[in-house]
Amino acid sequence: MINVTYVEFNGAEHEVEAKPGVSLMEAARSNNVPGILADCGGACACATCHVMVEPEWLGRLPSVSEEEDTMLEFGLEERTEASRLSCQIQATAALDGIVLRLPESQY
């Protein structure tokens with residue numbers, strides 16, 4: 001299992017375990033983490049699973065696809081260098097311990 005910590009805008013932390021291969025959006029939803037709305041169900045057709053990845057983890061992630069890049073531009077929260085869509089990040093052993101911050105706009 002892969003350990004993932006989601007940090008709400010107010011600082012509340014939610015530590016969950018994700019099965020390898022599951023998206024970090026799915027892991028959040030299956031563990032009732034608030035702030036991951038995932039309106040499109042993980043189809044990369046909205047930006048309601050927006051997260052900000054802690055800087056030390058960014059280099060371990062796959063590159064942002066053109067589709068994800070476009071969706072991030074249309075999100076409610078201002079995009080940062082750490083912005084990603086959690087539906088596009090799969091849980092892997094390399095991400096064990098990853099920390100994701102949730103934007104205020106998704107509450």
# chains A, B, ... in the order shown; residues from 1 in each chain; ligands from 1
>>> select_by_dssp(residues="chain A", states="helix (DSSP H, G or I)", output="MDAnalysis selection string")
chainID A and resid 24:30 55:58 66:73 86:88 93:95 104:106
>>> write_last_selection(atoms="N, CA, C and O atoms", output="mmCIF file, in the first residue's frame")
data_model
loop_
_atom_site.group_PDB
_atom_site.id
_atom_site.type_symbol
_atom_site.label_atom_id
_atom_site.label_comp_id
_atom_site.auth_asym_id
_atom_site.auth_seq_id
_atom_site.Cartn_x
_atom_site.Cartn_y
_atom_site.Cartn_z
ATOM 1 N N LEU A 24 -4.734 8.966 -7.279
ATOM 2 C CA LEU A 24 -4.787 9.614 -5.966
ATOM 3 C C LEU A 24 -6.141 10.269 -5.741
ATOM 4 O O LEU A 24 -6.553 10.456 -4.599
ATOM 5 N N MET A 25 -6.879 10.569 -6.804
ATOM 6 C CA MET A 25 -8.253 11.046 -6.683
ATOM 7 C C MET A 25 -9.145 9.929 -6.141
ATOM 8 O O MET A 25 -9.917 10.132 -5.224
ATOM 9 N N GLU A 26 -9.025 8.730 -6.725
ATOM 10 C CA GLU A 26 -9.815 7.592 -6.279
ATOM 11 C C GLU A 26 -9.505 7.241 -4.831
ATOM 12 O O GLU A 26 -10.413 6.916 -4.061
ATOM 13 N N ALA A 27 -8.242 7.311 -4.455
ATOM 14 C CA ALA A 27 -7.853 7.019 -3.074
ATOM 15 C C ALA A 27 -8.506 8.004 -2.116
ATOM 16 O O ALA A 27 -8.994 7.615 -1.052
ATOM 17 N N ALA A 28 -8.552 9.276 -2.496
ATOM 18 C CA ALA A 28 -9.185 10.293 -1.649
ATOM 19 C C ALA A 28 -10.684 10.040 -1.533
ATOM 20 O O ALA A 28 -11.243 10.070 -0.433
ATOM 21 N N ARG A 29 -11.329 9.789 -2.650
ATOM 22 C CA ARG A 29 -12.783 9.581 -2.632
ATOM 23 C C ARG A 29 -13.168 8.335 -1.844
ATOM 24 O O ARG A 29 -14.130 8.356 -1.081
ATOM 25 N N SER A 30 -12.425 7.261 -2.006
ATOM 26 C CA SER A 30 -12.772 6.027 -1.303
ATOM 27 C C SER A 30 -12.517 6.120 0.198
ATOM 28 O O SER A 30 -13.021 5.303 0.969
ATOM 29 N N PRO A 55 6.734 20.279 -2.964
ATOM 30 C CA PRO A 55 7.842 20.401 -3.921
ATOM 31 C C PRO A 55 8.772 19.186 -4.010
ATOM 32 O O PRO A 55 9.199 18.822 -5.106
ATOM 33 N N GLU A 56 9.057 18.552 -2.894
ATOM 34 C CA GLU A 56 10.007 17.430 -2.928
ATOM 35 C C GLU A 56 9.477 16.220 -3.688
ATOM 36 O O GLU A 56 10.220 15.303 -4.020
ATOM 37 N N TRP A 57 8.185 16.206 -3.998
ATOM 38 C CA TRP A 57 7.570 15.081 -4.710
ATOM 39 C C TRP A 57 7.392 15.346 -6.200
ATOM 40 O O TRP A 57 7.129 14.415 -6.964
ATOM 41 N N LEU A 58 7.507 16.581 -6.629
ATOM 42 C CA LEU A 58 7.211 16.927 -8.020
ATOM 43 C C LEU A 58 8.059 16.153 -9.027
ATOM 44 O O LEU A 58 7.564 15.731 -10.068
ATOM 45 N N GLU A 66 -1.028 17.262 -22.110
ATOM 46 C CA GLU A 66 -1.659 18.447 -22.697
ATOM 47 C C GLU A 66 -3.086 18.600 -22.171
ATOM 48 O O GLU A 66 -3.528 19.706 -21.861
ATOM 49 N N GLU A 67 -3.792 17.489 -22.049
ATOM 50 C CA GLU A 67 -5.169 17.510 -21.545
ATOM 51 C C GLU A 67 -5.227 18.021 -20.102
ATOM 52 O O GLU A 67 -6.047 18.881 -19.768
ATOM 53 N N GLU A 68 -4.338 17.505 -19.245
ATOM 54 C CA GLU A 68 -4.294 17.959 -17.859
ATOM 55 C C GLU A 68 -3.906 19.436 -17.785
ATOM 56 O O GLU A 68 -4.499 20.205 -17.021
ATOM 57 N N ASP A 69 -2.950 19.837 -18.597
ATOM 58 C CA ASP A 69 -2.502 21.220 -18.634
ATOM 59 C C ASP A 69 -3.671 22.157 -18.953
ATOM 60 O O ASP A 69 -3.857 23.179 -18.298
ATOM 61 N N THR A 70 -4.477 21.783 -19.921
ATOM 62 C CA THR A 70 -5.643 22.585 -20.300
ATOM 63 C C THR A 70 -6.647 22.664 -19.159
ATOM 64 O O THR A 70 -7.157 23.748 -18.845
ATOM 65 N N MET A 71 -6.929 21.549 -18.510
ATOM 66 C CA MET A 71 -7.893 21.539 -17.408
ATOM 67 C C MET A 71 -7.412 22.400 -16.242
ATOM 68 O O MET A 71 -8.204 23.101 -15.616
ATOM 69 N N LEU A 72 -6.127 22.370 -15.955
ATOM 70 C CA LEU A 72 -5.585 23.182 -14.863
ATOM 71 C C LEU A 72 -5.759 24.675 -15.131
ATOM 72 O O LEU A 72 -5.913 25.462 -14.203
ATOM 73 N N GLU A 73 -5.751 25.066 -16.383
ATOM 74 C CA GLU A 73 -5.950 26.470 -16.739
ATOM 75 C C GLU A 73 -7.372 26.937 -16.441
ATOM 76 O O GLU A 73 -7.603 28.122 -16.230
ATOM 77 N N SER A 86 -5.368 15.253 -9.331
ATOM 78 C CA SER A 86 -5.102 13.984 -8.643
ATOM 79 C C SER A 86 -5.616 12.780 -9.418
ATOM 80 O O SER A 86 -5.146 11.666 -9.205
ATOM 81 N N CYS A 87 -6.531 12.996 -10.369
ATOM 82 C CA CYS A 87 -7.004 11.881 -11.202
ATOM 83 C C CYS A 87 -5.931 11.417 -12.181
ATOM 84 O O CYS A 87 -6.015 10.324 -12.728
ATOM 85 N N GLN A 88 -4.913 12.231 -12.390
ATOM 86 C CA GLN A 88 -3.862 11.918 -13.350
ATOM 87 C C GLN A 88 -2.589 11.390 -12.692
ATOM 88 O O GLN A 88 -1.592 11.164 -13.360
ATOM 89 N N ALA A 93 4.986 2.893 -5.786
ATOM 90 C CA ALA A 93 5.917 2.787 -4.652
ATOM 91 C C ALA A 93 6.784 4.039 -4.542
ATOM 92 O O ALA A 93 7.130 4.462 -3.436
ATOM 93 N N ALA A 94 7.103 4.678 -5.666
ATOM 94 C CA ALA A 94 7.931 5.885 -5.647
ATOM 95 C C ALA A 94 7.225 7.056 -4.979
ATOM 96 O O ALA A 94 7.867 8.016 -4.577
ATOM 97 N N LEU A 95 5.894 6.973 -4.842
ATOM 98 C CA LEU A 95 5.126 8.058 -4.233
ATOM 99 C C LEU A 95 4.706 7.756 -2.798
ATOM 100 O O LEU A 95 3.931 8.519 -2.211
ATOM 101 N N GLU A 104 -8.605 25.889 -1.364
ATOM 102 C CA GLU A 104 -9.777 26.384 -0.653
ATOM 103 C C GLU A 104 -11.030 26.346 -1.535
ATOM 104 O O GLU A 104 -12.139 26.091 -1.046
ATOM 105 N N SER A 105 -10.874 26.538 -2.814
ATOM 106 C CA SER A 105 -12.017 26.619 -3.727
ATOM 107 C C SER A 105 -12.797 25.318 -3.867
ATOM 108 O O SER A 105 -13.901 25.325 -4.380
ATOM 109 N N GLN A 106 -12.268 24.204 -3.407
ATOM 110 C CA GLN A 106 -12.945 22.915 -3.547
ATOM 111 C C GLN A 106 -13.723 22.524 -2.302
ATOM 112 O O GLN A 106 -14.087 21.361 -2.129
#
>>> residues_around(residues="Asp96 in chain A", least_positions_apart="4", cutoff="7 Å", atoms="only C-alpha atoms", output="list in words")
Ile2, Asn3, Val4 and Thr92 of chain A
>>> select_by_dssp(residues="range 27-58 of chain A", states="strand (DSSP E or B)", output="list in words")
His50, Val51, Met52 and Val53 of chain A
>>> write_last_selection(atoms="all heavy atoms", output="compact mmCIF listing (two decimals), in the first residue's frame")
# COMPACT_ATOMS: atom_id res chain seq x y z
N HIS A 50 -8.14 19.11 -8.16
CA HIS A 50 -6.89 19.88 -8.14
C HIS A 50 -6.19 19.70 -6.79
O HIS A 50 -6.82 19.78 -5.75
CB HIS A 50 -7.25 21.34 -8.38
CG HIS A 50 -6.09 22.27 -8.43
ND1 HIS A 50 -6.25 23.63 -8.38
CD2 HIS A 50 -4.75 22.07 -8.52
CE1 HIS A 50 -5.08 24.23 -8.44
NE2 HIS A 50 -4.15 23.29 -8.52
N VAL A 51 -4.91 19.46 -6.84
CA VAL A 51 -4.07 19.39 -5.64
C VAL A 51 -2.78 20.15 -5.92
O VAL A 51 -2.41 20.36 -7.07
CB VAL A 51 -3.74 17.94 -5.23
CG1 VAL A 51 -4.98 17.18 -4.82
CG2 VAL A 51 -2.99 17.20 -6.33
N MET A 52 -2.12 20.55 -4.85
CA MET A 52 -0.79 21.12 -4.96
C MET A 52 0.17 20.12 -4.31
O MET A 52 0.02 19.80 -3.13
CB MET A 52 -0.69 22.48 -4.27
CG MET A 52 -1.25 23.63 -5.09
SD MET A 52 -3.03 23.74 -5.11
CE MET A 52 -3.42 24.17 -3.46
N VAL A 53 1.08 19.62 -5.10
CA VAL A 53 2.03 18.60 -4.66
C VAL A 53 3.18 19.28 -3.93
O VAL A 53 3.73 20.27 -4.42
CB VAL A 53 2.54 17.80 -5.87
CG1 VAL A 53 3.54 16.74 -5.44
CG2 VAL A 53 1.37 17.18 -6.64
>>> atom_distance(atom1="CA of Met1 in chain A", atom2="CA of Asn31 in chain A")
13.8 Å
>>> residues_around(residues="Asn10 in chain A", least_positions_apart="6", cutoff="12 Å", atoms="only C-alpha atoms", output="PyMOL selection string")
chain A and resi 34-35+101-105+107
>>> write_last_selection(atoms="N, CA, C and O atoms", output="PDB file, in the first residue's frame")
ATOM      1  N   PRO A  34     -12.339  15.142   2.339  1.00  0.00           N
ATOM      2  CA  PRO A  34     -13.047  16.322   1.825  1.00  0.00           C
ATOM      3  C   PRO A  34     -12.123  17.159   0.949  1.00  0.00           C
ATOM      4  O   PRO A  34     -10.911  17.156   1.127  1.00  0.00           O
ATOM      5  N   GLY A  35     -12.716  17.855  -0.017  1.00  0.00           N
ATOM      6  CA  GLY A  35     -11.935  18.748  -0.865  1.00  0.00           C
ATOM      7  C   GLY A  35     -11.524  18.154  -2.188  1.00  0.00           C
ATOM      8  O   GLY A  35     -10.923  18.836  -3.010  1.00  0.00           O
ATOM      9  N   ARG A 101      -1.650  19.114  -1.016  1.00  0.00           N
ATOM     10  CA  ARG A 101      -2.440  20.188  -0.386  1.00  0.00           C
ATOM     11  C   ARG A 101      -3.667  20.462  -1.239  1.00  0.00           C
ATOM     12  O   ARG A 101      -3.588  20.461  -2.469  1.00  0.00           O
ATOM     13  N   LEU A 102      -4.799  20.706  -0.583  1.00  0.00           N
ATOM     14  CA  LEU A 102      -6.062  20.908  -1.265  1.00  0.00           C
ATOM     15  C   LEU A 102      -6.420  22.384  -1.297  1.00  0.00           C
ATOM     16  O   LEU A 102      -6.273  23.079  -0.282  1.00  0.00           O
ATOM     17  N   PRO A 103      -6.911  22.888  -2.421  1.00  0.00           N
ATOM     18  CA  PRO A 103      -7.229  24.302  -2.529  1.00  0.00           C
ATOM     19  C   PRO A 103      -8.526  24.664  -1.809  1.00  0.00           C
ATOM     20  O   PRO A 103      -9.447  23.857  -1.688  1.00  0.00           O
ATOM     21  N   GLU A 104      -8.605  25.889  -1.364  1.00  0.00           N
ATOM     22  CA  GLU A 104      -9.777  26.384  -0.653  1.00  0.00           C
ATOM     23  C   GLU A 104     -11.030  26.346  -1.535  1.00  0.00           C
ATOM     24  O   GLU A 104     -12.139  26.091  -1.046  1.00  0.00           O
ATOM     25  N   SER A 105     -10.874  26.538  -2.814  1.00  0.00           N
ATOM     26  CA  SER A 105     -12.017  26.619  -3.727  1.00  0.00           C
ATOM     27  C   SER A 105     -12.797  25.318  -3.867  1.00  0.00           C
ATOM     28  O   SER A 105     -13.901  25.325  -4.380  1.00  0.00           O
ATOM     29  N   TYR A 107     -14.041  23.488  -1.470  1.00  0.00           N
ATOM     30  CA  TYR A 107     -14.836  23.205  -0.251  1.00  0.00           C
ATOM     31  C   TYR A 107     -16.171  23.847  -0.342  1.00  0.00           C
ATOM     32  O   TYR A 107     -16.411  24.805  -0.945  1.00  0.00           O
TER      33      TYR A 107
END
>>> closest_residue(among="A:Pro20, A:Leu76, A:Gly41, A:Glu54", to="Tyr6 in chain A", atoms="only C-alpha atoms")
A:Glu54
>>> atom_distance(atom1="CA of Gly97 in chain A", atom2="CA of Arg60 in chain A")
11.8 Å
>>> closest_residue(among="A:Cys44, A:Val33, A:Ala38, A:Cys49", to="Glu13 in chain A", atoms="only C-alpha atoms")
A:Val33
>>> closest_residue(among="A:Ala91, A:Val99, A:Ala12, A:Leu85", to="Ala43 in chain A", atoms="only C-alpha atoms")
A:Leu85
>>> closest_residue(among="A:Gly59, A:Gly42, A:Val7, A:Glu81", to="Val22 in chain A", atoms="only C-alpha atoms")
A:Gly42
